Structures are given as C-alpha cells and as structure tokens.
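**Student:** Pasting target_13.csv below, which is CSV, C-alpha atoms.
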```csv
chain,number,residue,atom,x,y,z
A,300,PRO,CA,8.1,-2.2,-3.4
A,301,LEU,CA,10.9,0.4,-3.8
A,302,ALA,CA,12.4,-1.4,-6.9
A,303,LEU,CA,8.9,-1.7,-8.3
A,304,SER,CA,8.2,2.1,-7.7
A,305,ARG,CA,11.5,3.0,-9.4
A,306,GLU,CA,10.7,0.9,-12.4
A,307,LEU,CA,7.2,2.3,-12.8
A,308,ALA,CA,8.7,5.8,-12.5
A,309,ARG,CA,11.2,5.0,-15.2
A,310,ALA,CA,8.5,3.6,-17.5
A,311,CYS,CA,6.4,6.7,-17.0
A,312,VAL,CA,9.3,9.1,-17.8
A,313,GLU,CA,10.0,7.1,-21.0
A,314,GLN,CA,6.4,7.8,-22.0
A,315,GLY,CA,6.9,11.6,-21.5
A,316,VAL,CA,5.4,11.9,-18.0
A,317,THR,CA,6.8,14.7,-15.7
A,318,LEU,CA,7.3,13.6,-12.1
A,319,PHE,CA,7.3,16.2,-9.3
A,320,GLU,CA,9.3,15.0,-6.4
A,321,ARG,CA,9.1,16.3,-2.8
A,322,SER,CA,6.0,18.3,-3.6
A,323,PRO,CA,3.0,16.6,-1.9
A,324,VAL,CA,-0.3,18.0,-2.9
A,325,GLN,CA,-1.9,20.0,-0.1
A,326,ALA,CA,-5.2,21.1,-1.6
A,327,ILE,CA,-7.3,20.5,-4.7
A,328,VAL,CA,-9.7,23.1,-6.1
A,329,ARG,CA,-12.0,23.2,-9.1
A,330,GLU,CA,-11.3,26.1,-11.5
A,331,ALA,CA,-13.8,26.3,-14.4
A,332,ALA,CA,-13.4,23.0,-16.2
A,333,GLN,CA,-10.1,22.0,-14.7
A,334,TRP,CA,-8.5,20.9,-11.5
A,335,ARG,CA,-5.8,22.8,-9.7
A,336,LEU,CA,-3.4,20.8,-7.5
A,337,ILE,CA,-1.6,23.0,-5.0
A,338,SER,CA,1.6,22.2,-3.2
A,339,ALA,CA,4.0,24.3,-1.1
A,340,ARG,CA,6.2,24.7,-4.1
A,341,GLY,CA,3.7,25.6,-6.8
A,342,SER,CA,0.6,24.3,-8.5
A,343,VAL,CA,-0.5,22.5,-11.7
A,344,LEU,CA,-3.7,22.5,-13.7
A,345,ALA,CA,-5.2,19.3,-15.1
A,346,ARG,CA,-8.2,18.4,-17.2
A,347,ARG,CA,-8.6,15.1,-15.4
A,348,LEU,CA,-7.7,14.1,-11.8
A,349,VAL,CA,-6.7,10.7,-10.4
A,350,LEU,CA,-6.2,10.2,-6.6
A,351,ALA,CA,-4.1,7.1,-6.2
A,352,THR,CA,-2.8,7.3,-2.6
A,353,ASP,CA,-5.3,4.9,-1.0
A,354,ALA,CA,-4.9,5.2,2.8
A,355,TYR,CA,-3.1,8.6,2.5
A,356,THR,CA,-5.9,10.3,0.5
A,357,ARG,CA,-8.6,10.9,3.2
A,358,THR,CA,-7.3,14.3,4.5
A,359,LEU,CA,-6.7,15.5,0.9
A,360,TRP,CA,-10.3,14.6,-0.1
A,361,PRO,CA,-12.5,14.7,3.0
A,362,ALA,CA,-15.5,13.0,1.3
A,363,LEU,CA,-13.5,9.8,1.4
A,364,ARG,CA,-13.2,9.7,5.2
A,365,GLN,CA,-16.4,7.6,5.6
A,366,SER,CA,-15.6,5.3,2.8
A,367,TYR,CA,-12.9,3.1,4.4
A,368,ALA,CA,-10.8,2.6,7.6
A,369,THR,CA,-7.1,2.9,7.9
A,370,TRP,CA,-4.8,0.6,9.9
A,371,HIS,CA,-1.2,1.1,10.9
A,372,VAL,CA,1.0,-1.7,9.6
A,373,SER,CA,4.7,-2.5,9.8
A,374,LEU,CA,6.9,-4.4,7.5
A,375,ILE,CA,9.7,-6.3,9.3
A,376,ALA,CA,12.8,-8.0,7.9
A,377,SER,CA,15.1,-10.4,9.7
A,378,GLU,CA,18.8,-10.9,9.7
A,379,PRO,CA,19.8,-13.7,7.2
A,380,TYR,CA,17.8,-16.7,8.6
A,381,SER,CA,19.7,-20.0,8.9
A,382,ALA,CA,16.6,-22.2,8.8
A,383,MET,CA,15.0,-20.7,5.7
A,384,ALA,CA,15.2,-24.1,3.8
A,385,GLU,CA,13.2,-25.8,6.5
A,386,LEU,CA,10.7,-22.9,6.9
A,387,LEU,CA,10.0,-22.3,3.2
A,388,PRO,CA,11.5,-25.3,1.3
A,389,ARG,CA,10.0,-24.2,-2.0
A,390,GLY,CA,10.5,-20.5,-1.4
A,391,THR,CA,6.8,-19.8,-1.9
A,392,ALA,CA,5.3,-17.1,0.3
A,393,VAL,CA,2.5,-18.2,2.6
A,394,GLY,CA,0.0,-16.2,4.7
A,395,ASP,CA,-2.9,-16.5,7.2
A,396,MET,CA,-4.9,-13.4,6.7
A,397,GLY,CA,-7.1,-13.7,9.8
A,398,LEU,CA,-7.6,-10.2,11.0
A,399,ALA,CA,-7.0,-11.1,14.7
A,400,ASN,CA,-3.3,-11.7,13.9
A,401,ILE,CA,-2.2,-11.5,10.3
A,402,PHE,CA,0.6,-14.1,9.8
A,403,THR,CA,2.7,-14.0,6.6
A,404,LEU,CA,6.1,-15.5,5.6
A,405,ARG,CA,8.1,-14.3,2.7
A,406,ARG,CA,11.6,-14.9,1.6
A,407,THR,CA,13.7,-12.1,0.2
A,408,THR,CA,17.2,-11.3,-1.0
A,409,GLY,CA,20.0,-12.5,1.3
A,410,GLU,CA,17.9,-15.3,2.9
A,411,ARG,CA,16.0,-12.8,5.0
A,412,LEU,CA,12.5,-13.4,6.3
A,413,VAL,CA,9.9,-10.7,5.8
A,414,THR,CA,6.5,-10.3,7.5
A,415,SER,CA,3.9,-7.7,8.2
A,416,THR,CA,2.2,-7.0,11.5
A,417,PHE,CA,-0.1,-4.3,13.0
A,418,ALA,CA,2.3,-1.7,14.3
A,419,PRO,CA,2.0,-0.5,17.9
A,420,ILE,CA,0.8,3.1,18.3
A,421,ARG,CA,4.1,4.0,19.9
A,422,ARG,CA,6.9,4.6,17.4
A,423,GLY,CA,10.5,4.2,18.1
A,424,LEU,CA,10.3,0.6,19.2
A,425,SER,CA,12.9,-1.9,17.9
A,426,ALA,CA,12.1,-4.4,15.2
A,427,GLN,CA,12.3,-7.2,17.8
A,428,HIS,CA,9.5,-5.6,19.9
A,429,ILE,CA,7.3,-4.8,16.9
A,430,ALA,CA,7.6,-8.4,15.7
A,431,GLU,CA,6.5,-9.9,19.0
A,432,PRO,CA,2.8,-10.4,17.9
A,433,PHE,CA,4.1,-12.4,14.9
A,434,MET,CA,6.6,-14.3,17.0
A,435,ARG,CA,3.9,-15.6,19.4
A,436,LYS,CA,2.2,-17.4,16.5
A,437,PHE,CA,5.5,-18.4,14.9
A,438,ARG,CA,6.6,-20.2,18.1
A,439,ARG,CA,3.3,-22.1,18.2
A,440,VAL,CA,3.3,-23.1,14.5
A,441,PHE,CA,7.1,-23.8,14.2
A,442,PRO,CA,8.2,-24.9,17.7
A,443,ASP,CA,11.3,-26.7,16.4
A,444,LEU,CA,12.7,-23.8,14.3
A,445,PRO,CA,15.0,-21.1,15.7
A,446,ALA,CA,13.5,-17.7,16.2
A,447,PRO,CA,14.4,-15.1,13.6
A,448,ARG,CA,16.4,-12.0,14.7
A,449,TRP,CA,14.6,-9.0,13.4
A,450,GLU,CA,16.7,-6.2,12.0
A,451,HIS,CA,14.7,-3.7,9.9
A,452,VAL,CA,11.2,-2.2,10.3
A,453,HIS,CA,9.2,0.2,8.1
A,454,PHE,CA,5.8,1.7,9.0
A,455,GLY,CA,2.8,2.6,6.8
A,456,GLU,CA,-1.0,2.6,6.6
A,457,ILE,CA,-3.4,0.5,4.6
A,458,GLY,CA,-7.0,1.3,3.5
A,459,ILE,CA,-9.6,-1.2,4.3
A,460,SER,CA,-13.1,-1.1,2.8
A,461,SER,CA,-16.1,-2.5,4.6
A,462,ASP,CA,-16.1,-5.8,2.6
A,463,MET,CA,-12.3,-6.0,2.0
A,464,LEU,CA,-12.8,-5.4,-1.7
A,465,PRO,CA,-11.2,-2.5,-3.7
A,466,ARG,CA,-13.2,0.3,-5.2
A,467,LEU,CA,-12.8,2.4,-8.3
A,468,CYS,CA,-14.9,5.5,-7.9
A,469,GLY,CA,-15.8,8.8,-9.6
A,470,ILE,CA,-15.4,11.7,-7.1
A,471,GLY,CA,-16.2,14.7,-9.4
A,472,PRO,CA,-16.2,15.9,-13.0
A,473,GLN,CA,-13.4,14.0,-14.7
A,474,ALA,CA,-12.0,12.9,-11.4
A,475,TRP,CA,-11.5,9.3,-10.0
A,476,THR,CA,-9.9,7.4,-7.2
A,477,ALA,CA,-9.1,3.8,-6.2
A,478,TYR,CA,-9.0,2.6,-2.6
A,479,GLY,CA,-9.5,-0.3,-0.2
A,480,TYR,CA,-6.7,-2.6,-1.2
A,481,SER,CA,-6.8,-4.0,2.3
A,482,GLY,CA,-3.1,-4.8,2.6
A,483,THR,CA,-2.7,-6.3,-0.9
A,484,GLY,CA,-1.8,-3.0,-2.6
A,485,ILE,CA,1.2,-4.2,-4.6
A,486,ASN,CA,-1.0,-6.5,-6.7
A,487,LEU,CA,-4.3,-4.7,-6.7
A,488,ALA,CA,-2.8,-1.2,-7.2
A,489,LEU,CA,-1.0,-2.4,-10.4
A,490,LEU,CA,-4.3,-3.8,-11.6
A,491,LEU,CA,-6.4,-0.7,-10.9
A,492,GLY,CA,-3.6,1.6,-11.9
A,493,GLY,CA,-4.1,0.3,-15.5
A,494,GLU,CA,-7.8,1.1,-15.2
A,495,LEU,CA,-7.1,4.6,-13.8
A,496,ALA,CA,-4.7,5.2,-16.7
A,497,LYS,CA,-7.6,4.4,-19.1
A,498,LEU,CA,-9.8,6.9,-17.3
A,499,ALA,CA,-7.1,9.6,-17.4
A,500,ALA,CA,-6.5,9.0,-21.1
A,501,SER,CA,-10.1,8.8,-22.3
A,502,GLY,CA,-12.2,10.4,-19.6
A,503,GLU,CA,-14.8,7.7,-20.3
A,504,PRO,CA,-15.8,5.3,-17.5
A,505,ARG,CA,-17.0,2.7,-20.0
A,506,ALA,CA,-13.3,2.3,-21.2
A,507,THR,CA,-12.5,0.3,-18.0
A,508,LEU,CA,-13.0,-3.4,-17.3
A,509,PHE,CA,-13.3,-2.8,-13.6
A,510,PRO,CA,-16.7,-1.2,-12.7
A,511,VAL,CA,-16.6,2.5,-11.9
A,512,THR,CA,-19.0,3.5,-9.1
A,513,GLU,CA,-19.9,6.8,-7.4
A,514,LEU,CA,-18.5,7.6,-4.0
```
Show this structure as structure tokens.
**Tutor:**
Amino acid sequence: PLALSRELARACVEQGVTLFERSPVQAIVREAAQWRLISARGSVLARRLVLATDAYTRTLWPALRQSYATWHVSLIASEPYSAMAELLPRGTAVGDMGLANIFTLRRTTGERLVTSTFAPIRRGLSAQHIAEPFMRKFRRVFPDLPAPRWEHVHFGEIGISSDMLPRLCGIGPQAWTAYGYSGTGINLALLLGGELAKLAASGEPRATLFPVTEL
C-alpha cells in the first residue's frame, strides 16, 4: 500500500496537482459557492469537494456517522517463512472472509507471510500476541506446517456499510464521498477513485459509471 500511495502521488504531481503534507483538514465550511478546508497550518478554497478517507471521515463530516461502522484492524507480517512453498505453492493469495474470524494468507517480498486480523483494543501488544486469533485457525487448517514468527504489525480502521457494499454519495452542493470498502480498499478505492475524479473534473454525477446516491 505504501508503494502504491507513492506512485499515485507521483502521478498526481505529474498532472499538476499540489499535495499538502502533514496538514490534516480539521473543519470544512461552506462559503458562498465554494468549500473552505481548514487545517492547523492554513486553509484552501475549492469549487468542488471530495472526501476520500473512508473510515477516517466520520468526525470530519458528522452526517456520515450513521452511514457505516468502523472496525479496528491490524496488518501483520512474519519473519521470512521457511514453509512458504508448501503453504502457497502457486503464490496466490487466499482468504476466508467469514466475519467471525477473517483468515487471509498473502506472500510478500522476502518470503514473508502477511495477514490481517481484528486488532485488540489494547495497543502496545507484540505482533505475536496480535496474531493469535489468526494462529488458532492456522494450526487447525495447517497442522503439519511450522508456525510463522510474527515480526511487524500496523494498525488501522476499515469502514463497513450495512450490506458490505461500497457507496458513492453526494453530501452537499458539488461535494461527494466514497465509503464502505469493508476491508477491500486497495482494489475498490482505486475503482471509485476514478469515479470521484470524474465528479471533481466535471461536477456532473451522470459522468460516472458507478451510481451516485444521496447520503
């Protein structure tokens, strides 16, 4: 995801986009026919507004609070795993998306195993402790394989809509948002990002292939 974000940023800059780093928007207000986005370091005016932060948008736009739920999730990476060829012989990622215990297996650079799990509320736990819900199922499904040793963990939140489907919504005059990727944001955010770009460029909901609904 980090490499993808950097490449998207590079592509935007090549198209003349100005990126403002370390200046999160704290408030959004309507001024005449424009939107003012206010941060601790200044503000900008825009004719059109796109909110594209999914699970991190609700406090910025309170009307979204009732539209979806947020869940804490962690992404965990192992040390180089010696049995990767037996576990994923073709290298294809697999997943069981049952909400009681999401179980995914992905291979990454350096023969590391990567998975996601619902993070405990307590932060500061080791990667080994946070991976334990995953490991209980791993031991049942792969009893003959060695247990991975978990080395890295990253925390985040995902936005989940009531039917697990994403939404593209109008939230005000010339303002839109997308949300509800339900844990598949890398793929769906790229798809809906293109639709949001059409809205930002044209201001016309009929320009999108994905239906635009009201919040």
**Student:** If we count only C-alpha atoms and set the cut-off at 12 Å, which residues sit around range 332-344 of chain A, ignoring sequence neighbours fewer than 2 positions away in its own chain? Please answer as a ChimeraX atom specification.
**Tutor:** /A:317-330,346-350,359-360,471-474
**Student:** Restricting the calculation to all atoms listed in the file: of A:Glu450, A:Glu378, A:Asp395, A:Asp353, which residue gets closest to Phe433 in chain A?
**Tutor:**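 Comparing A:Glu450, A:Glu378, A:Asp395, A:Asp353 against Phe433 in chain A, the winner is A:Asp395.
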**Student:** Contacts of Ser460 in chain A at 7 Å or less, counting all atoms listed in the file, minus same-chain residues fewer than 3 places along, as a list in words?
**Tutor:**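 Counting only the stated atoms, we get Ser366, Tyr367, Ala368, Met463, Leu464, Pro465, Gly479 and Ser481 of chain A.
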**Student:** Between CA of Ile375 in chain A and CA of Ala426 in chain A, what is the distance in Å, rounded to a tenth?
**Tutor:**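 Separation of CA of Ile375 in chain A and CA of Ala426 in chain A: 6.6 Å.
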**Student:** From the list A:Pro510, A:Pro361, A:Pro388, A:Pro447, which residue is nearest Cys468 in chain A when using only C-alpha atoms?
**Tutor:**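 So, comparing all the options, the nearest one is A:Pro510.
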**Student:** Which neighbours of Ile485 in chain A fall inside 9 Å, counting all atoms listed in the file, when residues of the same chain fewer than 4 positions from it are skipped, and could you give them as an mmCIF file with C-alpha atoms, in the coordinates of the input?
**Tutor:**
```cif
data_model
loop_
_atom_site.group_PDB
_atom_site.id
_atom_site.type_symbol
_atom_site.label_atom_id
_atom_site.label_comp_id
_atom_site.auth_asym_id
_atom_site.auth_seq_id
_atom_site.Cartn_x
_atom_site.Cartn_y
_atom_site.Cartn_z
ATOM 1 C CA PRO A 300 8.100 -2.200 -3.400
ATOM 2 C CA LEU A 303 8.900 -1.700 -8.300
ATOM 3 C CA TYR A 480 -6.700 -2.600 -1.200
ATOM 4 C CA LEU A 489 -1.000 -2.400 -10.400
ATOM 5 C CA LEU A 490 -4.300 -3.800 -11.600
#
```
**Student:** Report the distance between CA of Thr507 in chain A and CA of Ala488 in chain A in Å, rounded to one decimal place.
**Tutor:** 14.6 Å
**Student:** Select, from A:Val452, A:Ile401, A:Val372, A:Leu444, the residue with the minimum atom-to-atom distance to Leu424 in chain A, counting only C-alpha atoms.
**Tutor:** A:Val452
**Student:** Have a look at A:Arg411, A:Arg364, A:Arg406, A:Arg435 and name the one nearest to Thr391 in chain A; count all atoms listed in the file.
**Tutor:**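 Smallest distance to Thr391 in chain A is found for A:Arg406.
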**Student:** Using all atoms listed in the file, find the one residue out of A:Ile429, A:Ile457, A:Leu412, A:Leu363 that sits nearest to Ala384 in chain A.
**Tutor:**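 The shortest atom-to-atom distance to Ala384 in chain A comes from A:Leu412.
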**Student:** What's the separation between CA of Ser415 in chain A and CA of Gly458 in chain A, in Å to one decimal place?
**Tutor:** 14.9 Å
**Student:** Which residues, protein or nucleic acid, reach to within 9 Å of (-0.9, 2.1, 9.0) in the file's coordinates when using only C-alpha atoms, and can you give that as a PyMOL selection string?
**Tutor:** chain A and resi 354+369-373+417-418+454-458
**Student:** Which is closer to Gly492 in chain A than all the others in A:Leu386, A:Pro504, A:Ala351, A:Gln314, using all atoms listed in the file?
**Tutor:** A:Ala351
**Student:** As an mmCIF file, in the coordinates of the input, please: range 356-368 of chain A completed to N, CA and C atoms.
**Tutor:**
```cif
data_model
loop_
_atom_site.group_PDB
_atom_site.id
_atom_site.type_symbol
_atom_site.label_atom_id
_atom_site.label_comp_id
_atom_site.auth_asym_id
_atom_site.auth_seq_id
_atom_site.Cartn_x
_atom_site.Cartn_y
_atom_site.Cartn_z
ATOM 1 N N THR A 356 -5.116 9.328 1.333
ATOM 2 C CA THR A 356 -5.900 10.300 0.500
ATOM 3 C C THR A 356 -6.942 11.006 1.388
ATOM 4 N N ARG A 357 -7.333 10.486 2.525
ATOM 5 C CA ARG A 357 -8.600 10.900 3.200
ATOM 6 C C ARG A 357 -8.511 12.407 3.609
ATOM 7 N N THR A 358 -7.372 12.889 4.085
ATOM 8 C CA THR A 358 -7.300 14.300 4.500
ATOM 9 C C THR A 358 -7.286 15.201 3.261
ATOM 10 N N LEU A 359 -6.789 14.682 2.129
ATOM 11 C CA LEU A 359 -6.700 15.500 0.900
ATOM 12 C C LEU A 359 -8.114 15.610 0.265
ATOM 13 N N TRP A 360 -8.939 14.587 0.430
ATOM 14 C CA TRP A 360 -10.300 14.600 -0.100
ATOM 15 C C TRP A 360 -11.253 14.134 0.955
ATOM 16 N N PRO A 361 -11.767 15.091 1.764
ATOM 17 C CA PRO A 361 -12.500 14.700 3.000
ATOM 18 C C PRO A 361 -13.718 13.822 2.738
ATOM 19 N N ALA A 362 -14.321 13.866 1.560
ATOM 20 C CA ALA A 362 -15.500 13.000 1.300
ATOM 21 C C ALA A 362 -15.145 11.525 1.388
ATOM 22 N N LEU A 363 -13.860 11.185 1.336
ATOM 23 C CA LEU A 363 -13.500 9.800 1.400
ATOM 24 C C LEU A 363 -13.380 9.263 2.843
ATOM 25 N N ARG A 364 -13.472 10.133 3.825
ATOM 26 C CA ARG A 364 -13.200 9.700 5.200
ATOM 27 C C ARG A 364 -14.199 8.644 5.682
ATOM 28 N N GLN A 365 -15.416 8.638 5.183
ATOM 29 C CA GLN A 365 -16.400 7.600 5.600
ATOM 30 C C GLN A 365 -16.397 6.400 4.729
ATOM 31 N N SER A 366 -15.518 6.348 3.739
ATOM 32 C CA SER A 366 -15.600 5.300 2.800
ATOM 33 C C SER A 366 -14.746 4.047 3.192
ATOM 34 N N TYR A 367 -13.727 4.238 4.004
ATOM 35 C CA TYR A 367 -12.900 3.100 4.400
ATOM 36 C C TYR A 367 -12.144 3.482 5.694
ATOM 37 N N ALA A 368 -11.637 2.455 6.347
ATOM 38 C CA ALA A 368 -10.800 2.600 7.600
ATOM 39 C C ALA A 368 -9.364 2.518 7.217
#
```
